[in-house]
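All remarks here apply to the structure that follows.
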Amino acid sequence: MPRWRFGLRWRLALVFAVILALALGSVALFTGKVAEREVSRVQSEQDLVRANRIVVALAEFYETNGSWEGAQNFVRRTSFQAERDIIVLDAEGRVVADSTRRNDRRGNRDGPGRSLFDHLDHRDHPVPPEYFVPVVAGGSQIGSVAVAERGRGGFVHPLRLGPEAGPLPGVEPPLARFAEAVTRTLTIAGLLAGAAGILLVVLMSRRMLASISNLAAAARGLGSGNLASRADVKGNDEIAELGRTFNSMADALEESERQRRAMVSDVAHELRTPLSNIQGHIEALQDGLLEPDAATLDTVHQQALHLNRLVDDLRLLADTESRELRLAIEATDLGEIAERVATSFRPRAEAESVQLETEIAETLPILHVDRVRMEQVLTNLVENAVRHTPPGGSVTVAASRMGDLVRVEVTDTGVGIPPDALPHVFDRLYRADPSRERTTGGSGLGLTIARQLVEAHGGTIWAESEEGSGSRFGFDLPITER
């Protein structure tokens with residue numbers, strides 16, 4: 001079951017979601033609070049303005065009539081229009097008009113009534129003095145008035161019109177002020193949410209940028225030639241995966257560089273051996289230590305052939321690794337090639353007391369491959385098997401069909417390959433026994449070339465061995481149309 005990974009994509013999505021929620025929540029909260037406050041303030045100022053108009057209307061009523069006579073009907077009408085409860089006192093503090101007065105049973109509209117202001121704490125008591133404001137006419141106070149918001153269920157909410165409320169405004173507050181307050185709040189909330197979002201992004205990006213900086217430093221070290229430079233990988237997100245991929249690439253580069261240096265050293269050694277032999281024989285001939293007879297010339301010729309084969313192998317290996325090798329594809333019977341290669345090696349095997357046998361299936365499908373290169377692959381495998389098989393042993397060349405593949409195997413009863421050396425048998429210039437010379441161990445390129453040629457045909461090559469019991473080398477080629 002794949003492990004769930006809280007990757008970079010999910011982290012960024014979570015950060016954006018938190019920022020969005022923070023911004024929307026902040027805007028909604030602050031806007032709601034400010035809107036509630038501004039509505040309450042506008043309502044209060046509107047109430048004060050209307051109360052002031054009531055005070056002015058009462059003063060004009062008194063100036064017109066010269067007394068408070070008939071004030072009850074005027075207050076009742078004014079109360080109905082303003083939707084406010086009004087109580088008017090004369091200069092001596094007596095109630096002269098009360099919009100909350102109810103008709104008595106005899107239908108006397110001016111009968112004794114009870115002000116709803118007396119119900120504030122459900123006890124009969126006068127309205128608190130601080131709820132009254134003076135009514136002035138002709139430069140003198142002619143009475144006072146208390147205005148209250150009409151409540152539900154008999155309850156009222158007195159308007160603070162006393163001295164502590166300050167002077168009464170004369171104009172109702174414009175609604176533009178409410179819009180300005182909401183806009184200002186939205187701006188502040190947006191800025192705060194943006195600042196919080198930036199802080200979250202900074203905190204989130206610190207770890208991310210630290211990993212990227214670490215990876216960049218490792219890349220700079222690798223680019224400057226320090227092949228041991230590696231990224232410090234932590235976590236399980238995409239950047240950590242990139243760091244692990246970088247480290248794998250660095251490992252491959254370091255291994256490639258190690259193999260390159262080893263190859264240069266090995267090639268120099270391989271070239272030095274035949275060149276030294278040729279040089280030694282020529283100097284001996286020049287000094288008269290050797291006679292220029294057929295044996296001496298044959299020895300020099302064999303060393304020149306070895307040198308020429310090594311150069312050819314290196315060129316072929318370079319062509320296959322660079323994908324520049326051109327293949328002459330044609331219809332080929334691998335069984336026929338296996339039989340021909342075995343026949344060519346049988347005299348050499350018999351000379352070394354090695355039995356060479358073949359097990360070729362009767363009907364093998366025709367493959368479209370390069371006949372010469374396939375023969376070269378088999379030649380390298382058979383030559384390697386015969387060389388490492390002691391006298392009295394055997395080498396078997398087999399070819400068979402396995403599903404959609406044709407398999408060719410070369411099995412020997414030689415000394416085998418150590419387990420630690422088996423993974424490297426197809427490496428360039430590798431020998432399981434470093435003490436072997438060219439005359440006994442070959443150039444170390446034959447198996448490498450075989451692998452490159454098989455892979456160039458879309459096949460796979462493999463090796464199995466048990467130390468002391470022999471080895472089995474083989475390759476599989478797919479059965480495909482031309």
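By order of appearance in the structure tokens: chains A, B, ..., then residues from 1 within every chain, and ligands from 1 in the order shown.
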
>> If DSSP is run on the backbone, what residues of segment 229-348 of chain A are strand (DSSP E)? A reply as an MDAnalysis selection string would be ideal.
In response: chainID A and resid 329:332

> So which residues touch Ile19 of chain A within 8 Å, counting only C-alpha atoms, skipping near sequence neighbours fewer than 5 positions away, as a PyMOL selection string?
Replying inline: chain A and resi 193-194+196-197+200

>> My list of candidates is A:Arg326, A:Arg230, A:Arg41, A:Arg348. Which is closest to Ala250 of chain A when distances are computed with only C-alpha atoms?
In response: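 Looking only at the distances to Ala250 of chain A, the closest residue turns out to be A:Arg230.
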
> Got a sec: who's within 10 Å of segment 11-15 of chain A, counting only C-alpha atoms, leaving out chain neighbours fewer than 4 positions off, as a list in words?
Replying inline: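 The residues that qualify are Phe6, Gly7, Ile19, Leu20, Ala21, Gly197, Leu200, Val201, Met204, Ser205 and Asp237 of chain A.
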
For those residues, write N, CA and C atoms to a file as a compact mmCIF listing (two decimals), in the first residue's frame.
```
# COMPACT_ATOMS: atom_id res chain seq x y z
N PHE A 6 2.41 13.90 2.77
CA PHE A 6 1.94 15.28 2.92
C PHE A 6 2.93 16.16 2.17
N GLY A 7 2.74 16.19 0.86
CA GLY A 7 3.72 16.83 0.01
C GLY A 7 3.60 18.33 -0.05
N ILE A 19 -4.94 31.04 4.89
CA ILE A 19 -4.92 32.49 4.63
C ILE A 19 -6.29 32.96 4.19
N LEU A 20 -6.93 32.20 3.31
CA LEU A 20 -8.25 32.59 2.83
C LEU A 20 -9.27 32.60 3.96
N ALA A 21 -9.23 31.54 4.79
CA ALA A 21 -10.16 31.49 5.91
C ALA A 21 -9.90 32.61 6.90
N GLY A 197 -1.17 36.42 6.60
CA GLY A 197 -0.88 35.49 5.52
C GLY A 197 0.58 35.52 5.11
N LEU A 200 2.57 33.65 7.63
CA LEU A 200 2.46 32.20 7.45
C LEU A 200 3.29 31.72 6.26
N VAL A 201 3.25 32.49 5.17
CA VAL A 201 4.04 32.11 4.00
C VAL A 201 5.53 32.15 4.31
N MET A 204 6.35 29.18 6.41
CA MET A 204 6.29 27.98 5.60
C MET A 204 7.46 27.89 4.63
N SER A 205 7.83 29.03 4.07
CA SER A 205 8.88 29.01 3.05
C SER A 205 10.27 28.88 3.65
N ASP A 237 8.57 15.13 1.23
CA ASP A 237 7.83 15.89 0.23
C ASP A 237 8.58 15.87 -1.11
```

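Nearest to Pro129 of chain A of all the residues A:Pro419, A:Gly414, A:Gly93, A:Pro391 is A:Gly93, counting only C-alpha atoms.
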
Quick one: contact table of segment 239-342 of chain A to segment 214-225 of chain A, 10 Å max, nearest atom pair and distance in Å to one decimal per residue, counting only C-alpha atoms, chain and number order, as a Markdown table?
```
| residue | atom | partner | partner_atom | distance |
| --- | --- | --- | --- | --- |
| A:Ile239 | CA | A:Leu215 | CA | 8.9 |
| A:Ala240 | CA | A:Leu215 | CA | 9.4 |
| A:Leu242 | CA | A:Leu215 | CA | 8.6 |
| A:Gly243 | CA | A:Leu215 | CA | 6.4 |
| A:Arg244 | CA | A:Leu215 | CA | 9.9 |
| A:Phe246 | CA | A:Leu215 | CA | 8.1 |
| A:Asn247 | CA | A:Ala218 | CA | 9.0 |
| A:Ala250 | CA | A:Leu222 | CA | 7.5 |
| A:Leu253 | CA | A:Leu222 | CA | 9.3 |
| A:Glu254 | CA | A:Leu222 | CA | 9.6 |
```

Env of Ala328 of chain A: 9 Å cut, atoms = only C-alpha atoms, seq-sep filter 5 positions within chain, self excluded. Answer as a short mmCIF file (atom, residue, chain, number, x, y, z; two decimals) with C-alpha atoms, in the first residue's frame.
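Done, and the output landed in result_19.cif:
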```
data_model
loop_
_atom_site.label_atom_id
_atom_site.label_comp_id
_atom_site.auth_asym_id
_atom_site.auth_seq_id
_atom_site.Cartn_x
_atom_site.Cartn_y
_atom_site.Cartn_z
CA VAL A 369 19.34 -9.27 -35.98
CA ASP A 370 22.85 -8.42 -37.06
CA ARG A 371 24.32 -11.82 -37.86
CA VAL A 372 27.96 -10.72 -37.46
CA ARG A 373 27.34 -9.03 -34.09
#
```

> Quick one: distance from atom CA of Arg315 of chain A to atom CA of Ile449 of chain A in Å, one decimal?
Replying inline: 10.3 Å

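Residue neighbourhood of Phe132 of chain A, excluding near-sequence residues (fewer than 5 positions): Ser144, Val145 and Ala146 of chain A, at 6 Å, using only C-alpha atoms.
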
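Closest approach to Ile54 of chain A among A:Glu255, A:Asp85, A:Asp420, A:Glu38: A:Asp85, based on only C-alpha atoms.
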
>> Give me, as a PyMOL selection string, all polymer residues having an atom no more than 6 Å from segment 354-357 of chain A, counting only C-alpha atoms and skipping those fewer than 5 positions away in the same chain.
In response: chain A and resi 349+391-396

Atoms kept (N, CA and C atoms) for selection, written as a PDB file, in the first residue's frame:
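See again38.pdb below for the written result:
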```pdb
ATOM      1  N   ALA A 349      39.112 -26.335 -27.732  1.00  0.00           N
ATOM      2  CA  ALA A 349      38.646 -26.985 -26.513  1.00  0.00           C
ATOM      3  C   ALA A 349      39.261 -28.383 -26.374  1.00  0.00           C
ATOM      4  N   PRO A 391      41.136 -28.488 -17.536  1.00  0.00           N
ATOM      5  CA  PRO A 391      41.111 -29.754 -18.292  1.00  0.00           C
ATOM      6  C   PRO A 391      40.193 -30.785 -17.631  1.00  0.00           C
ATOM      7  N   GLY A 392      39.464 -31.504 -18.471  1.00  0.00           N
ATOM      8  CA  GLY A 392      38.510 -32.483 -17.976  1.00  0.00           C
ATOM      9  C   GLY A 392      37.118 -31.917 -17.795  1.00  0.00           C
ATOM     10  N   GLY A 393      36.952 -30.616 -17.923  1.00  0.00           N
ATOM     11  CA  GLY A 393      35.646 -29.990 -17.782  1.00  0.00           C
ATOM     12  C   GLY A 393      34.885 -29.969 -19.089  1.00  0.00           C
ATOM     13  N   SER A 394      33.739 -29.291 -19.057  1.00  0.00           N
ATOM     14  CA  SER A 394      32.900 -29.256 -20.247  1.00  0.00           C
ATOM     15  C   SER A 394      32.263 -27.887 -20.394  1.00  0.00           C
ATOM     16  N   VAL A 395      31.954 -27.555 -21.653  1.00  0.00           N
ATOM     17  CA  VAL A 395      31.257 -26.323 -21.990  1.00  0.00           C
ATOM     18  C   VAL A 395      30.079 -26.700 -22.891  1.00  0.00           C
ATOM     19  N   THR A 396      28.886 -26.168 -22.558  1.00  0.00           N
ATOM     20  CA  THR A 396      27.681 -26.495 -23.306  1.00  0.00           C
ATOM     21  C   THR A 396      27.069 -25.215 -23.852  1.00  0.00           C
TER      22      THR A 396
END
```

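The two atoms in question, atom CA of Ser26 of chain A and atom CA of Ala195 of chain A, are spaced 11.9 Å apart.
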
>> Let me make sure I understand: among A:Arg206, A:Gly190, A:Leu445, A:Gly470, which one has the smallest atom-to-atom distance to Val267 of chain A if we use only C-alpha atoms?
In response: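 Checking each candidate against Val267 of chain A, we get A:Leu445 as the closest.
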
> Of the candidates A:Thr389, A:Ser276, A:Asn236, A:Asn73, which shows the shortest atom-to-atom distance to Ala304 of chain A, using only C-alpha atoms?
Replying inline: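 Comparing A:Thr389, A:Ser276, A:Asn236, A:Asn73 against Ala304 of chain A, the winner is A:Ser276.
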
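For the pair atom CA of Phe426 of chain A and atom CA of Gly459 of chain A, the separation is 14.7 Å.
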
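Between Arg451 of chain A and the candidates A:Gln259, A:Thr413, A:Gln376, A:Ser469, the tightest atom-to-atom separation, counting only C-alpha atoms, involves A:Gln376.
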
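Every protein or nucleic acid residue with an atom no more than 6 Å from Arg472 of chain A, counting only C-alpha atoms and leaving out same-chain residues fewer than 6 positions away, appears here: Val410, Thr411, Ala463 and Glu464 of chain A.
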